[in-house]
Amino acid sequence: MISIISKLKFFFIIFYASSALCADITKISDIDFGNITASPFGDIIQINALSGDSYPFVASGGYSSVSGGSWGTIRVEPDQPGQTVNINYPVSFVISKGADEMTVSQISINSTQNFITENTDPVDINIGGVLTIKNSQAAGNYSGSAVVNIIINNP
Amino acid sequence: MKIKFNLFIISLFISLLLLPGILSAASVNLNATATIEAATLNASQSNGIDFGTIIISNQDSTVSIDASGGGATPAVTSGNASVTGGTSGLIDVTTNIDANVTITYPGTVIIDDGVPGNTMDISNITSNSTSSPLSITAGGTNEVHIGGDLAVTASQTSGTYTGTITIDINY
């Protein structure tokens with residue numbers, strides 16, 4: 001009996017150790033919609049990071065112009081292949097300058113989707129979204145934050 | 001020994017319950033920023049419209065400046081007056097975005113020499129000026145040329161006639 005228990009303990013320890021590994025998750029960069037010269041009629045600024053790196057552009061065909069800016073990045077460093085990475089983005093969030101606000105939305109469809117790790121190489125989750133500029137949006141520096149939840153399951 | 005074995009079984013059971021579930025989860029606080037600069041639109045008169053020096057004759061006349069295609073000079077388009085000198089008006093427009101602007105001209109403007117009753121009408125300003133909408137560019141040369149038809153009667157009192165044309169330019 002003692003021998004059986006010892007063997008079970010050994011397998012249990014090995015099994016537990018191999019399964020208890022977890023990936024490292026690190027934010028590399030935030031989202032920056034850049035410097036926007038806004039049309040008085042408002043506009044839509046988009047960062048489409050669904051397929052990778054992406055810079056802001058005027059998506060609504062309006063008169064606004066945008067320079068600079070970049071997508072956000074969260075880096076996942078898997079511990080093993082086959083880990084399922086589920087990413088939950090916020091539906092929308094507000095960035096503000098005092099009482100003046102703009103909304104960032106459509107984050108999920110403009111960002112990296114759920115994936116399964118192929119190896120232990122770092123994988124970047126690229127995050128974009130759509131910024132809505134209202135008519136006669138007040139000038140200034142707007143900022144805000146949102147929470148991205150990342151859940152990793154072992155195979 | 002039995003207790004030890006039971007503890008092991010319990011541990012194993014708990015472990016098996018936990019392992020197939022979530023092994024790693026993180027909430028990452030992501031910041032977003034944007035800098036907004038308001039669009040600007042400025043217009044200033046570079047030069048006023050000048051119908052030149054007109055010598056009237058025995059017929060009512062029209063002195064026209066057709067600036068619809070750019071800067072222009074006056075010409076007599078009806079009657080037998082004559083004209084020398086003069087030029088179309090010019091407004092310089094500056095902006096920080098590429099856009100279309102609408103230009104609204106007045107229908108008729110009256111100019112006078114300061115004596116009651118001594119007036120002349122400027123009409124057809126819209127058709128003789130830069131058309132609307134106008135495409136303007138940031139950092140570009142954006143010009144609005146102003147023309148029109150000046151009605152001069154055969155008995156027009158001599159003098160210098162002046163007036164003001166108000167033109168609205170908007171996004």
# chains A, B, ... in the order shown; residues from 1 in each chain; ligands from 1
>>> residues_around(residues="B:Thr164", least_positions_apart="3", cutoff="9 Å", atoms="only C-alpha atoms", output="list in words")
Val109, Ile110 and Ile111 of chain B
>>> closest_atom_pairs(of="chain B", to="chain A", cutoff="7 Å", atoms="only C-alpha atoms", output="Markdown table")
| residue | atom | partner | partner_atom | distance |
| --- | --- | --- | --- | --- |
| B:Leu19 | CA | A:Ser19 | CA | 6.6 |
| B:Gly21 | CA | A:Asn153 | CA | 6.6 |
| B:Ile22 | CA | A:Asn153 | CA | 5.1 |
| B:Leu23 | CA | A:Asn153 | CA | 5.6 |
| B:Ser24 | CA | A:Ile152 | CA | 5.0 |
| B:Ala25 | CA | A:Ile151 | CA | 4.2 |
| B:Ala26 | CA | A:Ile150 | CA | 5.2 |
| B:Ser27 | CA | A:Asn149 | CA | 4.4 |
| B:Val28 | CA | A:Val148 | CA | 5.1 |
| B:Asn29 | CA | A:Val147 | CA | 4.6 |
| B:Leu30 | CA | A:Ala146 | CA | 5.3 |
| B:Asn31 | CA | A:Ser145 | CA | 4.1 |
| B:Ala32 | CA | A:Ile31 | CA | 4.6 |
| B:Thr33 | CA | A:Ser143 | CA | 4.3 |
| B:Ala34 | CA | A:Phe33 | CA | 4.8 |
| B:Thr35 | CA | A:Asn141 | CA | 4.4 |
| B:Ile36 | CA | A:Ala139 | CA | 4.7 |
| B:Glu37 | CA | A:Thr37 | CA | 4.6 |
| B:Ala38 | CA | A:Ala38 | CA | 5.4 |
| B:Ala39 | CA | A:Ala38 | CA | 5.6 |
| B:Ile97 | CA | A:Tyr63 | CA | 6.4 |
| B:Asp98 | CA | A:Tyr63 | CA | 5.9 |
| B:Ala99 | CA | A:Tyr63 | CA | 5.4 |
>>> closest_residue(among="B:Thr108, B:Ser78, B:Asn118, B:Ser131", to="B:Gln59", atoms="only C-alpha atoms")
B:Ser78
>>> select_by_dssp(residues="chain B", states="alpha helix (DSSP H)", output="ChimeraX atom specification")
/B:2-18
